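Shown next: my_file-v7.pdb, containing PDB, C-alpha atoms and all ligand atoms.
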ATOM      1  CA  MET A   1     -25.078  30.989 -59.735
ATOM      2  CA  SER A   2     -22.870  33.353 -61.713
ATOM      3  CA  VAL A   3     -21.328  31.959 -64.857
ATOM      4  CA  LEU A   4     -18.295  34.189 -64.364
ATOM      5  CA  GLN A   5     -17.209  35.576 -61.057
ATOM      6  CA  ILE A   6     -14.146  37.730 -60.663
ATOM      7  CA  GLU A   7     -12.889  38.634 -57.199
ATOM      8  CA  ARG A   8     -10.315  41.296 -56.385
ATOM      9  CA  LEU A   9      -8.420  40.530 -59.540
ATOM     10  CA  VAL A  10      -5.021  42.135 -60.037
ATOM     11  CA  LYS A  11      -2.587  41.930 -62.937
ATOM     12  CA  HIS A  12       0.416  44.228 -63.060
ATOM     13  CA  TYR A  13       3.066  44.359 -65.746
ATOM     14  CA  SER A  14       6.478  45.633 -64.847
ATOM     15  CA  ASP A  15       9.522  46.511 -66.853
ATOM     16  CA  ALA A  16      12.762  48.240 -65.912
ATOM     17  CA  GLU A  17      11.116  51.643 -65.908
ATOM     18  CA  ASP A  18       7.671  51.364 -64.444
ATOM     19  CA  LEU A  19       4.779  49.307 -63.224
ATOM     20  CA  VAL A  20       1.597  49.145 -65.282
ATOM     21  CA  ARG A  21      -1.487  48.369 -63.218
ATOM     22  CA  ALA A  22      -3.350  46.752 -66.125
ATOM     23  CA  VAL A  23      -6.068  45.244 -63.909
ATOM     24  CA  ASP A  24      -6.130  46.687 -60.439
ATOM     25  CA  GLY A  25      -8.647  45.090 -58.097
ATOM     26  CA  VAL A  26     -11.657  44.165 -60.204
ATOM     27  CA  ASP A  27     -14.789  42.554 -58.766
ATOM     28  CA  LEU A  28     -17.369  41.443 -61.278
ATOM     29  CA  SER A  29     -19.944  38.764 -61.839
ATOM     30  CA  VAL A  30     -21.909  37.894 -64.948
ATOM     31  CA  GLN A  31     -25.039  35.770 -64.899
ATOM     32  CA  ALA A  32     -26.377  33.273 -67.408
ATOM     33  CA  GLY A  33     -28.307  35.123 -70.099
ATOM     34  CA  GLU A  34     -26.672  38.449 -69.307
ATOM     35  CA  VAL A  35     -24.812  40.773 -71.681
ATOM     36  CA  LEU A  36     -22.316  43.046 -69.949
ATOM     37  CA  ALA A  37     -20.802  45.845 -72.024
ATOM     38  CA  LEU A  38     -17.432  47.069 -70.853
ATOM     39  CA  TYR A  39     -16.257  50.447 -72.099
ATOM     40  CA  GLY A  40     -12.948  52.095 -71.392
ATOM     41  CA  PRO A  41     -10.205  54.064 -73.082
ATOM     42  CA  SER A  42      -7.303  52.418 -74.835
ATOM     43  CA  GLY A  43      -4.919  50.895 -72.324
ATOM     44  CA  SER A  44      -7.507  50.727 -69.529
ATOM     45  CA  GLY A  45      -7.082  46.956 -69.127
ATOM     46  CA  LYS A  46     -10.024  45.562 -71.081
ATOM     47  CA  THR A  47      -8.128  42.916 -73.062
ATOM     48  CA  THR A  48      -6.086  41.964 -70.019
ATOM     49  CA  LEU A  49      -9.298  41.411 -68.047
ATOM     50  CA  LEU A  50     -10.747  39.154 -70.758
ATOM     51  CA  LEU A  51      -7.514  37.148 -71.013
ATOM     52  CA  LEU A  52      -7.565  36.630 -67.238
ATOM     53  CA  ALA A  53     -11.217  35.520 -67.399
ATOM     54  CA  ALA A  54     -10.295  32.999 -70.084
ATOM     55  CA  GLY A  55      -7.390  31.670 -68.018
ATOM     56  CA  LEU A  56      -5.013  32.717 -70.790
ATOM     57  CA  LEU A  57      -3.170  34.980 -68.366
ATOM     58  CA  ILE A  58      -2.437  34.247 -64.730
ATOM     59  CA  ALA A  59      -3.452  36.904 -62.212
ATOM     60  CA  ASP A  60      -1.056  38.248 -59.582
ATOM     61  CA  HIS A  61      -3.842  38.270 -57.002
ATOM     62  CA  GLY A  62      -7.510  37.410 -56.823
ATOM     63  CA  ARG A  63      -9.710  34.770 -58.348
ATOM     64  CA  VAL A  64     -11.636  33.901 -61.453
ATOM     65  CA  ARG A  65     -14.464  31.407 -61.051
ATOM     66  CA  PHE A  66     -16.451  29.729 -63.815
ATOM     67  CA  MET A  67     -19.703  28.169 -62.566
ATOM     68  CA  GLY A  68     -18.225  28.410 -59.097
ATOM     69  CA  ARG A  69     -14.971  26.668 -59.985
ATOM     70  CA  ASP A  70     -11.725  28.527 -59.357
ATOM     71  CA  LEU A  71      -9.592  28.531 -62.518
ATOM     72  CA  GLY A  72      -6.503  28.689 -60.298
ATOM     73  CA  GLU A  73      -7.340  25.238 -58.934
ATOM     74  CA  MET A  74      -7.824  23.568 -62.316
ATOM     75  CA  SER A  75      -5.208  21.216 -63.732
ATOM     76  CA  ALA A  76      -3.619  22.139 -67.062
ATOM     77  CA  GLY A  77      -5.947  19.666 -68.784
ATOM     78  CA  GLU A  78      -9.052  21.078 -67.078
ATOM     79  CA  LEU A  79      -8.034  24.611 -67.974
ATOM     80  CA  ALA A  80      -7.511  23.637 -71.617
ATOM     81  CA  ALA A  81     -10.949  21.984 -71.661
ATOM     82  CA  TYR A  82     -12.471  25.137 -70.097
ATOM     83  CA  GLN A  83     -10.891  27.306 -72.776
ATOM     84  CA  ARG A  84     -11.954  25.047 -75.629
ATOM     85  CA  SER A  85     -15.445  24.001 -74.548
ATOM     86  CA  GLU A  86     -16.837  26.639 -72.219
ATOM     87  CA  VAL A  87     -15.298  29.886 -73.472
ATOM     88  CA  GLY A  88     -15.919  31.528 -76.823
ATOM     89  CA  PHE A  89     -13.137  34.081 -77.126
ATOM     90  CA  ILE A  90     -13.499  36.663 -79.875
ATOM     91  CA  TYR A  91     -10.022  38.184 -80.125
ATOM     92  CA  GLN A  92      -9.341  41.805 -80.977
ATOM     93  CA  SER A  93      -7.763  40.571 -84.224
ATOM     94  CA  ALA A  94      -9.147  37.615 -86.132
ATOM     95  CA  HIS A  95      -6.110  35.234 -86.129
ATOM     96  CA  LEU A  96      -7.547  32.897 -88.748
ATOM     97  CA  ILE A  97      -5.553  29.955 -90.085
ATOM     98  CA  GLY A  98      -4.048  30.954 -93.423
ATOM     99  CA  GLY A  99      -4.861  28.847 -96.488
ATOM    100  CA  VAL A 100      -7.836  27.211 -94.733
ATOM    101  CA  PRO A 101     -11.378  27.913 -95.997
ATOM    102  CA  ALA A 102     -13.636  30.106 -93.850
ATOM    103  CA  VAL A 103     -15.931  27.198 -93.006
ATOM    104  CA  GLU A 104     -13.070  25.090 -91.623
ATOM    105  CA  ASN A 105     -11.638  28.043 -89.730
ATOM    106  CA  ALA A 106     -15.052  28.451 -88.129
ATOM    107  CA  ALA A 107     -15.236  24.698 -87.425
ATOM    108  CA  VAL A 108     -11.858  24.367 -85.750
ATOM    109  CA  LYS A 109     -13.066  23.745 -82.166
ATOM    110  CA  LEU A 110     -15.442  21.035 -83.392
ATOM    111  CA  LEU A 111     -12.649  19.389 -85.354
ATOM    112  CA  VAL A 112     -10.363  19.444 -82.316
ATOM    113  CA  ASP A 113     -13.186  17.737 -80.408
ATOM    114  CA  GLY A 114     -13.275  14.965 -83.005
ATOM    115  CA  VAL A 115     -16.507  15.919 -84.768
ATOM    116  CA  LYS A 116     -16.633  14.448 -88.289
ATOM    117  CA  LEU A 117     -15.493  16.945 -90.945
ATOM    118  CA  SER A 118     -18.795  16.878 -92.858
ATOM    119  CA  VAL A 119     -20.818  17.496 -89.681
ATOM    120  CA  ALA A 120     -18.420  20.180 -88.425
ATOM    121  CA  ARG A 121     -18.605  21.954 -91.794
ATOM    122  CA  GLU A 122     -22.389  21.892 -91.722
ATOM    123  CA  VAL A 123     -22.588  23.333 -88.190
ATOM    124  CA  ALA A 124     -19.938  25.958 -88.978
ATOM    125  CA  ALA A 125     -21.735  26.906 -92.198
ATOM    126  CA  GLY A 126     -24.856  27.601 -90.135
ATOM    127  CA  TRP A 127     -22.915  29.976 -87.897
ATOM    128  CA  LEU A 128     -21.289  31.669 -90.878
ATOM    129  CA  ALA A 129     -24.787  32.234 -92.273
ATOM    130  CA  ARG A 130     -25.769  33.885 -88.988
ATOM    131  CA  VAL A 131     -22.984  36.431 -89.472
ATOM    132  CA  GLY A 132     -23.929  36.977 -93.129
ATOM    133  CA  LEU A 133     -21.169  34.893 -94.727
ATOM    134  CA  GLU A 134     -23.109  32.030 -96.330
ATOM    135  CA  HIS A 135     -21.566  33.055 -99.667
ATOM    136  CA  ARG A 136     -17.966  32.938 -98.382
ATOM    137  CA  LEU A 137     -17.691  29.397 -96.989
ATOM    138  CA  ASP A 138     -14.797  28.295 -99.158
ATOM    139  CA  HIS A 139     -12.874  31.557 -99.202
ATOM    140  CA  THR A 140      -9.470  31.397 -97.532
ATOM    141  CA  PRO A 141      -8.611  34.365 -95.243
ATOM    142  CA  ASP A 142      -6.537  36.110 -97.936
ATOM    143  CA  ARG A 143      -9.703  36.276-100.076
ATOM    144  CA  LEU A 144     -11.840  37.833 -97.324
ATOM    145  CA  SER A 145     -12.162  41.483 -96.326
ATOM    146  CA  GLY A 146     -11.100  42.560 -92.820
ATOM    147  CA  GLY A 147     -14.712  42.704 -91.671
ATOM    148  CA  GLU A 148     -15.424  39.277 -93.170
ATOM    149  CA  ARG A 149     -12.411  37.805 -91.362
ATOM    150  CA  ALA A 150     -13.701  39.321 -88.127
ATOM    151  CA  ARG A 151     -17.076  37.670 -88.698
ATOM    152  CA  VAL A 152     -15.455  34.275 -89.374
ATOM    153  CA  ALA A 153     -13.676  34.679 -86.038
ATOM    154  CA  ILE A 154     -17.026  35.354 -84.357
ATOM    155  CA  ALA A 155     -18.544  32.209 -85.894
ATOM    156  CA  ARG A 156     -15.467  30.247 -84.774
ATOM    157  CA  ALA A 157     -15.923  31.424 -81.183
ATOM    158  CA  LEU A 158     -19.632  30.557 -81.092
ATOM    159  CA  VAL A 159     -19.597  27.296 -83.053
ATOM    160  CA  ASN A 160     -19.674  24.958 -80.042
ATOM    161  CA  GLU A 161     -22.161  27.098 -78.088
ATOM    162  CA  PRO A 162     -19.918  28.129 -75.197
ATOM    163  CA  ARG A 163     -21.509  29.211 -71.940
ATOM    164  CA  LEU A 164     -19.177  32.184 -71.578
ATOM    165  CA  ILE A 165     -18.531  34.539 -74.485
ATOM    166  CA  LEU A 166     -15.645  36.970 -74.110
ATOM    167  CA  ALA A 167     -15.762  39.378 -77.026
ATOM    168  CA  ASP A 168     -12.919  41.869 -77.476
ATOM    169  CA  GLU A 169     -14.222  44.629 -79.732
ATOM    170  CA  PRO A 170     -16.169  42.252 -81.980
ATOM    171  CA  THR A 171     -17.559  45.128 -84.024
ATOM    172  CA  GLY A 172     -14.320  47.107 -84.275
ATOM    173  CA  SER A 173     -13.780  46.397 -87.966
ATOM    174  CA  LEU A 174     -17.450  46.295 -89.025
ATOM    175  CA  ASP A 175     -19.678  49.008 -90.425
ATOM    176  CA  SER A 176     -22.516  50.074 -88.145
ATOM    177  CA  HIS A 177     -25.100  47.863 -89.888
ATOM    178  CA  ARG A 178     -22.961  44.681 -89.624
ATOM    179  CA  GLY A 179     -21.865  45.738 -86.167
ATOM    180  CA  LEU A 180     -25.444  45.943 -84.984
ATOM    181  CA  GLU A 181     -26.189  42.511 -86.488
ATOM    182  CA  VAL A 182     -23.302  41.019 -84.517
ATOM    183  CA  LEU A 183     -24.433  42.742 -81.314
ATOM    184  CA  HIS A 184     -27.959  41.395 -81.783
ATOM    185  CA  LEU A 185     -26.566  37.932 -82.472
ATOM    186  CA  LEU A 186     -24.601  38.016 -79.214
ATOM    187  CA  SER A 187     -27.591  39.176 -77.194
ATOM    188  CA  GLN A 188     -29.824  36.592 -78.881
ATOM    189  CA  ILE A 189     -27.349  33.847 -77.942
ATOM    190  CA  ALA A 190     -27.285  35.086 -74.371
ATOM    191  CA  ARG A 191     -31.086  34.840 -74.196
ATOM    192  CA  GLU A 192     -31.564  31.607 -76.163
ATOM    193  CA  ARG A 193     -28.686  29.591 -74.747
ATOM    194  CA  GLU A 194     -28.316  31.227 -71.360
ATOM    195  CA  ALA A 195     -24.763  32.228 -72.190
ATOM    196  CA  ALA A 196     -23.003  34.996 -70.293
ATOM    197  CA  VAL A 197     -21.484  37.630 -72.571
ATOM    198  CA  VAL A 198     -18.753  40.133 -71.740
ATOM    199  CA  LEU A 199     -18.545  42.612 -74.546
ATOM    200  CA  VAL A 200     -15.509  44.897 -74.609
ATOM    201  CA  THR A 201     -16.238  47.720 -76.957
ATOM    202  CA  HIS A 202     -15.933  51.285 -78.126
ATOM    203  CA  ASP A 203     -19.162  50.891 -80.078
ATOM    204  CA  PRO A 204     -21.958  53.170 -78.807
ATOM    205  CA  GLN A 205     -24.509  50.736 -80.267
ATOM    206  CA  ALA A 206     -23.417  48.071 -77.783
ATOM    207  CA  ALA A 207     -25.006  49.940 -74.895
ATOM    208  CA  HIS A 208     -28.394  49.295 -76.466
ATOM    209  CA  VAL A 209     -28.107  45.509 -76.455
ATOM    210  CA  ALA A 210     -26.401  45.277 -73.075
ATOM    211  CA  ASP A 211     -28.181  44.491 -69.833
ATOM    212  CA  ARG A 212     -25.482  46.318 -67.923
ATOM    213  CA  VAL A 213     -22.797  48.812 -68.853
ATOM    214  CA  LEU A 214     -19.602  49.262 -66.874
ATOM    215  CA  ALA A 215     -16.553  51.394 -67.426
ATOM    216  CA  LEU A 216     -12.958  50.376 -66.888
ATOM    217  CA  ARG A 217     -10.375  53.059 -66.177
ATOM    218  CA  ASP A 218      -6.767  52.431 -65.212
ATOM    219  CA  GLY A 219      -7.611  48.825 -64.467
ATOM    220  CA  MET A 220     -10.497  49.668 -62.148
ATOM    221  CA  LEU A 221     -14.223  49.304 -62.702
ATOM    222  CA  ALA A 222     -16.551  52.232 -62.318
ATOM    223  CA  GLU A 223     -20.188  52.055 -61.298
ATOM    224  CA  PRO A 224     -22.835  51.354 -63.955
ATOM    225  CA  VAL A 225     -23.255  54.276 -66.275
ATOM    226  CA  GLN A 226     -26.222  56.394 -65.234
ATOM    227  CA  GLY A 227     -28.930  57.386 -67.671
ATOM    228  CA  LEU A 228     -28.167  54.644 -70.114
ATOM    229  CA  ALA A 229     -30.918  52.114 -69.671
ATOM    230  CA  PRO A 230     -30.596  49.058 -71.923
ATOM    231  CA  GLY A 231     -32.437  49.444 -75.171
ATOM    232  CA  VAL A 232     -33.140  53.135 -74.661
ATOM    233  CA  PRO A 233     -31.438  55.435 -77.149
ATOM    234  CA  GLY A 234     -29.385  57.757 -75.030
ATOM    235  CA  GLY A 235     -26.140  58.342 -76.806
ATOM    236  CA  VAL A 236     -22.659  57.318 -75.851
ATOM    237  CA  PRO A 237     -21.720  57.342 -72.225
ATOM    238  CA  SER A 238     -19.239  60.078 -71.539
ATOM    239  CA  LEU A 239     -16.274  57.931 -70.660
ATOM    240  CA  GLY A 240     -13.550  59.465 -72.733
ATOM    241  CA  LEU A 241     -13.861  56.714 -75.297
ATOM    242  CA  SER A 242     -10.983  56.638 -77.684
ATOM    243  CA  GLN A 243     -12.343  56.156 -81.167
ATOM    244  CA  GLU A 244      -9.961  54.077 -83.232
TER
HETATM  245  N1  LIG A 301       2.352  41.936 -72.096
HETATM  246  C1  LIG A 301       2.372  43.186 -71.612
HETATM  247  N2  LIG A 301       3.487  43.680 -71.035
HETATM  248  C2  LIG A 301       3.517  44.917 -70.481
HETATM  249  N3  LIG A 301       2.449  45.750 -70.480
HETATM  250  C3  LIG A 301       1.312  45.308 -71.043
HETATM  251  C4  LIG A 301       1.213  44.030 -71.647
HETATM  252  N4  LIG A 301      -0.053  43.863 -72.137
HETATM  253  C5  LIG A 301      -0.693  45.018 -71.863
HETATM  254  N5  LIG A 301       0.121  45.886 -71.205
HETATM  255  C6  LIG A 301      -0.252  47.224 -70.705
HETATM  256  O1  LIG A 301      -1.364  47.052 -69.833
HETATM  257  C7  LIG A 301      -2.310  48.093 -70.020
HETATM  258  C8  LIG A 301      -3.656  47.492 -70.383
HETATM  259  O2  LIG A 301      -3.569  46.887 -71.671
HETATM  260  P1  LIG A 301      -4.827  46.237 -72.397
HETATM  261  O3  LIG A 301      -4.354  45.604 -73.631
HETATM  262  O4  LIG A 301      -5.535  45.370 -71.410
HETATM  263  O5  LIG A 301      -5.705  47.540 -72.690
HETATM  264  P2  LIG A 301      -7.071  47.692 -73.503
HETATM  265  O6  LIG A 301      -8.029  48.380 -72.602
HETATM  266  O7  LIG A 301      -7.473  46.389 -74.083
HETATM  267  O8  LIG A 301      -6.647  48.706 -74.656
HETATM  268  P3  LIG A 301      -7.203  48.833 -76.184
HETATM  269  O9  LIG A 301      -8.528  49.521 -76.109
HETATM  270  O10 LIG A 301      -6.162  49.691 -76.837
HETATM  271  O11 LIG A 301      -7.256  47.453 -76.774
HETATM  272  C9  LIG A 301      -1.724  49.011 -71.086
HETATM  273  O12 LIG A 301      -1.093  50.079 -70.443
HETATM  274  C10 LIG A 301      -0.735  48.141 -71.802
HETATM  275  O13 LIG A 301       0.326  48.918 -72.324
HETATM  276 MG    MG A 302      -7.647  45.678 -76.025
END

Have the structure of the file written as structure tokens, please.
Amino acid sequence: MSVLQIERLVKHYSDAEDLVRAVDGVDLSVQAGEVLALYGPSGSGKTTLLLLAAGLLIADHGRVRFMGRDLGEMSAGELAAYQRSEVGFIYQSAHLIGGVPAVENAAVKLLVDGVKLSVAREVAAGWLARVGLEHRLDHTPDRLSGGERARVAIARALVNEPRLILADEPTGSLDSHRGLEVLHLLSQIAREREAAVVLVTHDPQAAHVADRVLALRDGMLAEPVQGLAPGVPGGVPSLGLSQE
């Protein structure tokens, strides 16, 4: 069974002037243990698609299923539990809690679930070590670099071992060495814990850890990129990537 299944998903935004077809009829499924890399130019609908998959946005048409269950049929409480326990969302910007040490930022989902502070800190510290931040546990966000904040946010998303990881440009603020470490961590988690990973990215390195590469353009998915077998150095797919 697919962990995530998206069927004919549509999300349009409208204002007085025009209609933006942010997501325009997407079909997609991601299996346990699979890493899907999703490329696409700025404004092509990548973040919107992840927010829909997380149930943080409501689609105009179509369905999102997690382990076969339609998010649209979940109660508010079930949806909140899905978002907290099953989804690890790595946002495009870190959104850490100001004044709170890195280790407690990373532990927040465990704390919400009632895990004892000392245990939650220990688990979160382990995840911070996996993103190379074992020496920054008690730094508050204002004492972390942008890349360090991004890595705390990654640890926070993974801390309770979600089955679905939705990562919105997780390597966007990292140098290529740290970026590659994060990509390997995500693919390792997919293999070890049978998590499904959707990796939105502009990072050419991501293609090498992904099992599948798709392109999003104007809210629509394109076929898998040819000539870019996983793990085989082949350069960046020619998708008009906007480098930020
Ligand atoms: N809340 C909103 N209201 C109106 N339009 C929106 C809203 N959010 C996104 N859009 C529009 O929807 C389209 C898709 O946006 P989205 O953020 O999904 O793109 P993206 O692929 O993540 O881009 P980027 O690579 O820059 O992060 C864009 O044209 C954007 O301007
Ligand atoms: Mg985006």

* To do: Using CA of Asp24 (chain A) and CA of Pro41 (chain A) as the two end points, give the distance in Å to one decimal.
  => 15.2 Å

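Running the PyMOL selection byres (((chain A and resi 86) around 9) and not hetatm) on this file leaves Phe66, Ala81, Tyr82, Gln83, Arg84, Ser85, Val87, Gly88, Asn160, Glu161, Pro162, Arg163, Leu164 and Ile165 of chain A selected.
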
* **Matched chain/residue IDs from the PyMOL selection byres (((chain A and resi 139) around 9) and not hetatm), as an MDAnalysis selection string** => chainID A and resid 99:103 135:138 140:144

Saved selection, atoms kept: C-alpha atoms, as a tab-separated table (two decimals), in the frame of the given file:
chain	number	residue	atom	x	y	z
A	99	GLY	CA	-4.86	28.85	-96.49
A	100	VAL	CA	-7.84	27.21	-94.73
A	101	PRO	CA	-11.38	27.91	-96.00
A	102	ALA	CA	-13.64	30.11	-93.85
A	103	VAL	CA	-15.93	27.20	-93.01
A	135	HIS	CA	-21.57	33.06	-99.67
A	136	ARG	CA	-17.97	32.94	-98.38
A	137	LEU	CA	-17.69	29.40	-96.99
A	138	ASP	CA	-14.80	28.30	-99.16
A	140	THR	CA	-9.47	31.40	-97.53
A	141	PRO	CA	-8.61	34.36	-95.24
A	142	ASP	CA	-6.54	36.11	-97.94
A	143	ARG	CA	-9.70	36.28	-100.08
A	144	LEU	CA	-11.84	37.83	-97.32

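Of the listed residues (A:Gly40, A:Gly45, A:Gly179, A:Gly68), A:Gly45 comes nearest to ligand LIG 301 (chain A); the distances count all atoms listed in the file.
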
* To do: Report the distance between CA of Arg149 (chain A) and CA of Leu214 (chain A) in Å, rounded to one decimal place.
  =>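 These atoms are spaced 28.0 Å apart.
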
* To do: Could you tell me, counting all atoms listed in the file, which protein and nucleic acid residues lie no more than 10 Å from ligand LIG 301 (chain A), written as a VMD selection string?
  => chain A and resid 11 to 15 18 to 23 38 to 52 57 92 168 to 169 200 to 202 216 to 219 241 to 244

Selection file, C-alpha atoms, as a JSON list (two decimals), keeping the file's coordinate frame:
[["chain", "number", "residue", "atom", "x", "y", "z"],
["A", 11, "LYS", "CA", -2.59, 41.93, -62.94],
["A", 12, "HIS", "CA", 0.42, 44.23, -63.06],
["A", 13, "TYR", "CA", 3.07, 44.36, -65.75],
["A", 14, "SER", "CA", 6.48, 45.63, -64.85],
["A", 15, "ASP", "CA", 9.52, 46.51, -66.85],
["A", 18, "ASP", "CA", 7.67, 51.36, -64.44],
["A", 19, "LEU", "CA", 4.78, 49.31, -63.22],
["A", 20, "VAL", "CA", 1.60, 49.14, -65.28],
["A", 21, "ARG", "CA", -1.49, 48.37, -63.22],
["A", 22, "ALA", "CA", -3.35, 46.75, -66.12],
["A", 23, "VAL", "CA", -6.07, 45.24, -63.91],
["A", 38, "LEU", "CA", -17.43, 47.07, -70.85],
["A", 39, "TYR", "CA", -16.26, 50.45, -72.10],
["A", 40, "GLY", "CA", -12.95, 52.10, -71.39],
["A", 41, "PRO", "CA", -10.20, 54.06, -73.08],
["A", 42, "SER", "CA", -7.30, 52.42, -74.83],
["A", 43, "GLY", "CA", -4.92, 50.90, -72.32],
["A", 44, "SER", "CA", -7.51, 50.73, -69.53],
["A", 45, "GLY", "CA", -7.08, 46.96, -69.13],
["A", 46, "LYS", "CA", -10.02, 45.56, -71.08],
["A", 47, "THR", "CA", -8.13, 42.92, -73.06],
["A", 48, "THR", "CA", -6.09, 41.96, -70.02],
["A", 49, "LEU", "CA", -9.30, 41.41, -68.05],
["A", 50, "LEU", "CA", -10.75, 39.15, -70.76],
["A", 51, "LEU", "CA", -7.51, 37.15, -71.01],
["A", 52, "LEU", "CA", -7.56, 36.63, -67.24],
["A", 57, "LEU", "CA", -3.17, 34.98, -68.37],
["A", 92, "GLN", "CA", -9.34, 41.80, -80.98],
["A", 168, "ASP", "CA", -12.92, 41.87, -77.48],
["A", 169, "GLU", "CA", -14.22, 44.63, -79.73],
["A", 200, "VAL", "CA", -15.51, 44.90, -74.61],
["A", 201, "THR", "CA", -16.24, 47.72, -76.96],
["A", 202, "HIS", "CA", -15.93, 51.28, -78.13],
["A", 216, "LEU", "CA", -12.96, 50.38, -66.89],
["A", 217, "ARG", "CA", -10.38, 53.06, -66.18],
["A", 218, "ASP", "CA", -6.77, 52.43, -65.21],
["A", 219, "GLY", "CA", -7.61, 48.82, -64.47],
["A", 241, "LEU", "CA", -13.86, 56.71, -75.30],
["A", 242, "SER", "CA", -10.98, 56.64, -77.68],
["A", 243, "GLN", "CA", -12.34, 56.16, -81.17],
["A", 244, "GLU", "CA", -9.96, 54.08, -83.23]]

* To do: Pick out the closest residue to ligand MG 302 (chain A) from this set: A:Ser118, A:Asn105, A:Thr171, A:Ser93. Count all atoms listed in the file.
  =>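 Once distances to ligand MG 302 (chain A) are computed over all atoms listed in the file, the minimum belongs to A:Ser93.
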
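The residue that comes closest to ligand MG 302 (chain A), out of A:Ala167, A:Met1, A:Ala206, A:Val30 and on the basis of only C-alpha atoms and all ligand atoms, is A:Ala167.
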
* To do: Between A:Val112, A:Ala16, A:Ile90, A:Leu71, single out the one closest to ligand MG 302 (chain A), counting all atoms listed in the file.
  => A:Ile90

Pull the neighbourhood of (-9.8, 26.8, -60.6) for me: all residues within 12 Å in file coordinates, counting all atoms listed in the file, as a PDB file with C-alpha atoms, in the frame of the given file.
ATOM      1  CA  LEU A   4     -18.295  34.189 -64.364  1.00  0.00           C
ATOM      2  CA  GLN A   5     -17.209  35.576 -61.057  1.00  0.00           C
ATOM      3  CA  ILE A   6     -14.146  37.730 -60.663  1.00  0.00           C
ATOM      4  CA  ALA A  53     -11.217  35.520 -67.399  1.00  0.00           C
ATOM      5  CA  ALA A  54     -10.295  32.999 -70.084  1.00  0.00           C
ATOM      6  CA  GLY A  55      -7.390  31.670 -68.018  1.00  0.00           C
ATOM      7  CA  ILE A  58      -2.437  34.247 -64.730  1.00  0.00           C
ATOM      8  CA  GLY A  62      -7.510  37.410 -56.823  1.00  0.00           C
ATOM      9  CA  ARG A  63      -9.710  34.770 -58.348  1.00  0.00           C
ATOM     10  CA  VAL A  64     -11.636  33.901 -61.453  1.00  0.00           C
ATOM     11  CA  ARG A  65     -14.464  31.407 -61.051  1.00  0.00           C
ATOM     12  CA  PHE A  66     -16.451  29.729 -63.815  1.00  0.00           C
ATOM     13  CA  MET A  67     -19.703  28.169 -62.566  1.00  0.00           C
ATOM     14  CA  GLY A  68     -18.225  28.410 -59.097  1.00  0.00           C
ATOM     15  CA  ARG A  69     -14.971  26.668 -59.985  1.00  0.00           C
ATOM     16  CA  ASP A  70     -11.725  28.527 -59.357  1.00  0.00           C
ATOM     17  CA  LEU A  71      -9.592  28.531 -62.518  1.00  0.00           C
ATOM     18  CA  GLY A  72      -6.503  28.689 -60.298  1.00  0.00           C
ATOM     19  CA  GLU A  73      -7.340  25.238 -58.934  1.00  0.00           C
ATOM     20  CA  MET A  74      -7.824  23.568 -62.316  1.00  0.00           C
ATOM     21  CA  SER A  75      -5.208  21.216 -63.732  1.00  0.00           C
ATOM     22  CA  ALA A  76      -3.619  22.139 -67.062  1.00  0.00           C
ATOM     23  CA  GLY A  77      -5.947  19.666 -68.784  1.00  0.00           C
ATOM     24  CA  GLU A  78      -9.052  21.078 -67.078  1.00  0.00           C
ATOM     25  CA  LEU A  79      -8.034  24.611 -67.974  1.00  0.00           C
ATOM     26  CA  ALA A  80      -7.511  23.637 -71.617  1.00  0.00           C
ATOM     27  CA  TYR A  82     -12.471  25.137 -70.097  1.00  0.00           C
TER      28      TYR A  82
END

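If you measure from each of A:Lys116, A:Met220, A:Gly172, A:Ile189 to ligand MG 302 (chain A) using all atoms listed in the file, the closest one turns out to be A:Gly172.
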